[in-house]
Amino acid sequence: MVSVHPETLQPSKYPLWTFKSARLRIAFLLMFCWFCAMALRVNLSMAVVCMVNSTAYENTAQTNPEFANLTLNEASKCGGEYGEKSDDSYRGTLLWSSKMISMLMSSGFYGGLVTIWIAGYLADRFGAKIMLLLAILDSMVINVATPVLATTSYYAMLGSRGILGLGDGLIFPAVSSMSARWFPPSERSTMAAITTSGNQIAGVFAMVISPYLCSVDFLGGWPLIFYSFALVGFVWILLWCLFASNSPEQNKYISEEEKTYINNSLAGHIYNGNSKKLYTSSVPWLSIATSLPIYANILCQFTYNFSQGLLQNYLPLYLKQILRVELHNNGMLAMLPFITTLITKNFAGILSDKLKNKGHMSNTAGVKIFQALENFGGALCCVVMAYFIDCTTLPLAIIIFLGYGAFYSFGICGFFTSQLSVAPQYTGIMFSILKIASVLGSVIAVELVGSINVHGTEAEWSLIWLIAAILNAFTALFYIIFGSAELQKWAAPKQAEKEIQKDRNSESSDSLDEISS
């Protein structure tokens with residue numbers, strides 16, 4: 001029997017962009033999964049501006065001598081009439097303070113911290129399909145219950161968001177583990193862009209439809225936001241049960257040609273036996289804990305979610321407080337970063353893979369270039385938002401929102417691609433680690449806004465954006481120095497190492513035979 005050397009293997013290419021491509025169907029199912037996970041979580045950020053009578057707390061600034069003059073000056077920029085119209089379009093009745101809202105936003109992330117420690121390990125060992133099913137089902141049930149819980153008890157609502165987070169903590173590692181089994185290395189930037197596009201599509205969809213649902217009288221308006229997205233989650237569950245599988249070997253709809261192509265492409269990257277497990281050897285925890293490329297990816301994930309957390313959770317509130325945007329325009333403006341991210345991330349993913357496949361840049365050079373674009377560009381946008389954006393500069397704000405989304409799309413071709421590449425057979429564990437960083441970034445962003453944004457003033461928001469800018473600049477420099485996209489030596493599968501050694505021994509034996517003859 002002749003073993004195959006994974007370094008010299010040239011698998012026959014099976015087209016990706018065809019209706020017959022099973023891995024493309026899996027990519028779109030994972031994209032739909034991300035859509036549901038994101039929509040079922042962040043719909044609260046848009047709904048809360050309709051649910052809460054925030055003026056009951058914001059107006060306290062007018063009676064506070066420290067903030068009275070500042071508040072009057074900011075209101076005079078846009079005119080009292082404009083501000084009044086903006087406030088009148090929000091019909092919230094719940095008396096939740098800014099701190100209470102930030103606790104709701106962060107409680108889901110705390111719930112995720114409970115499950116992410118084990119999620120990647122379970123996904124790698126036993127498959128991701130059932131885990132993703134349970135995660136979306138959890139979020140769907142909580143969304144259905146949210147209108148009753150919110151109007152009954154704030155603490156019941158707070159607890160339900162923590163339960164939602166338990167399921168949300170499963171998604172990132174499980175999706176990444178399934179991606180490692182299905183997507184060849186040469187397609188990973190493209191596939192990462194496709195699958196994570198569900199986040200941006202959910203952001204756009206939620207920001208557009210939520211203001212409309214808030215304004216209707218049926219069932220009180222804002223409860224429809226939660227019911228509608230729960231229905232979408234139910235549709236995904238049906239499709240997932242019918243067409244998804246943990247690996248190509250278990251899929252009923254894949255051709256033998258595509259299955260062979262995927263398996264050959266992944267040879268030397270993951271364990272490829274008949275077991276359902278992604279790997280069978282022990283986990284090299286010490287090597288993981290001392291790997292600088294892993295730490296670079298962790299920092300990038302933290303910064304990414306810190307910055308994205310500001311957009312996903314607080315952009316509608318920022319538009320209301322600083323730009324004085326009315327409800328029917330709030331969603332349209334809040335979706336701008338998600339639109340540009342959706343467009344540019346897919347373009348960047350395809351471009352990155354083409355440049356690497358043609359030999360124009362190495363894998364490591366590619367991830368460093370795109371990561372630098374993300375963080376340095378994001379830092380620039382945050383500086384502009386800190387010092388040059390207010391209710392009189394709406395056109396500039398629109399440009400910055402578009403640029404912000406575009407720059408942050410490049411992270412998919414940066415640290416995200418790196419994390420899929422440095423240790424493919426331990427992908428679930430790697431992304432559990434990243435998920436911890438992402439949760440911490442999101443929690444700290446939410447807590448930061450809750451602590452600083454007490455009265456909704458420009459000075460408070462400027463400080464928030466300046467902190468985000470400094471964090472992004474530091475992350476870019478750290479990644480340029482320590483980032484990598486090469487398979488780490490400690491992550492090479494034992495099976496592949498044995499085959500490589502066997503090939504080398506065979507080559508040495510052949511050479512000796514030639515010499516002796």
# chains A, B, ... in the order shown; residues from 1 in each chain; ligands from 1

$ residues_around --residues "A:Phe306" --least-positions-apart "2" --cutoff "8 Å" --atoms "only C-alpha atoms" --output "list in words"
Phe302, Thr303, Tyr304, Gln308, Gly309, Leu310, Ser438, Gly441, Ser442, Val443, Ile444, Ala445 and Ala468 of chain A

$ residues_around --residues "A:Gly165" --least-positions-apart "5" --cutoff "7 Å" --atoms "only C-alpha atoms" --output "VMD selection string"
chain A and resid 108 to 112

$ select_by_dssp --residues "stretch 370-465 of chain A" --states "alpha helix (DSSP H)" --output "ChimeraX atom specification"
/A:370-387,394-409,415-421,427-452,458-465

$ residues_around --residues "A:Trp236" --least-positions-apart "4" --cutoff "8 Å" --atoms "only C-alpha atoms" --output "PyMOL selection string"
chain A and resi 29+32-33+36+232+240

$ atom_distance --atom1 "atom CA of A:Arg161" --atom2 "atom CA of A:Leu463"
27.9 Å

$ residues_around --residues "A:Ala192" --least-positions-apart "4" --cutoff "9 Å" --atoms "only C-alpha atoms" --output "VMD selection string"
chain A and resid 27 179 187 to 188 196 to 197 346 349 412 to 413 416 to 417

$ atom_distance --atom1 "atom CA of A:Val175" --atom2 "atom CA of A:Thr115"
14.5 Å

$ closest_residue --among "A:Val141, A:Leu16, A:Ile399, A:Ile350" --to "A:Leu164" --atoms "only C-alpha atoms"
A:Val141

$ residues_around --residues "A:Asn363" --least-positions-apart "2" --cutoff "6 Å" --atoms "only C-alpha atoms" --output "PyMOL selection string"
chain A and resi 365-366+485

$ write_last_selection --atoms "C-alpha atoms" --output "mmCIF file, in the first residue's frame"
data_model
loop_
_atom_site.group_PDB
_atom_site.id
_atom_site.type_symbol
_atom_site.label_atom_id
_atom_site.label_comp_id
_atom_site.auth_asym_id
_atom_site.auth_seq_id
_atom_site.Cartn_x
_atom_site.Cartn_y
_atom_site.Cartn_z
ATOM 1 C CA ALA A 365 1.839 37.795 4.977
ATOM 2 C CA GLY A 366 -1.792 37.700 3.930
ATOM 3 C CA ALA A 485 -0.966 31.460 9.464
#

$ atom_distance --atom1 "atom CA of A:Tyr212" --atom2 "atom CA of A:Ile163"
27.8 Å

$ closest_residue --among "A:Thr151, A:Thr146, A:Ser247, A:Ser106" --to "A:Leu266" --atoms "only C-alpha atoms"
A:Ser247

$ residues_around --residues "stretch 448-450 of chain A" --least-positions-apart "6" --cutoff "10 Å" --atoms "only C-alpha atoms" --output "NGL selection string"
:A and (97-103 or 105-106 or 306 or 310 or 313-314 or 442 or 456 or 460-461 or 463-465 or 467)

$ closest_residue --among "A:Ile400, A:Ala491, A:Ile470, A:Ile339" --to "A:Gln200" --atoms "only C-alpha atoms"
A:Ile339
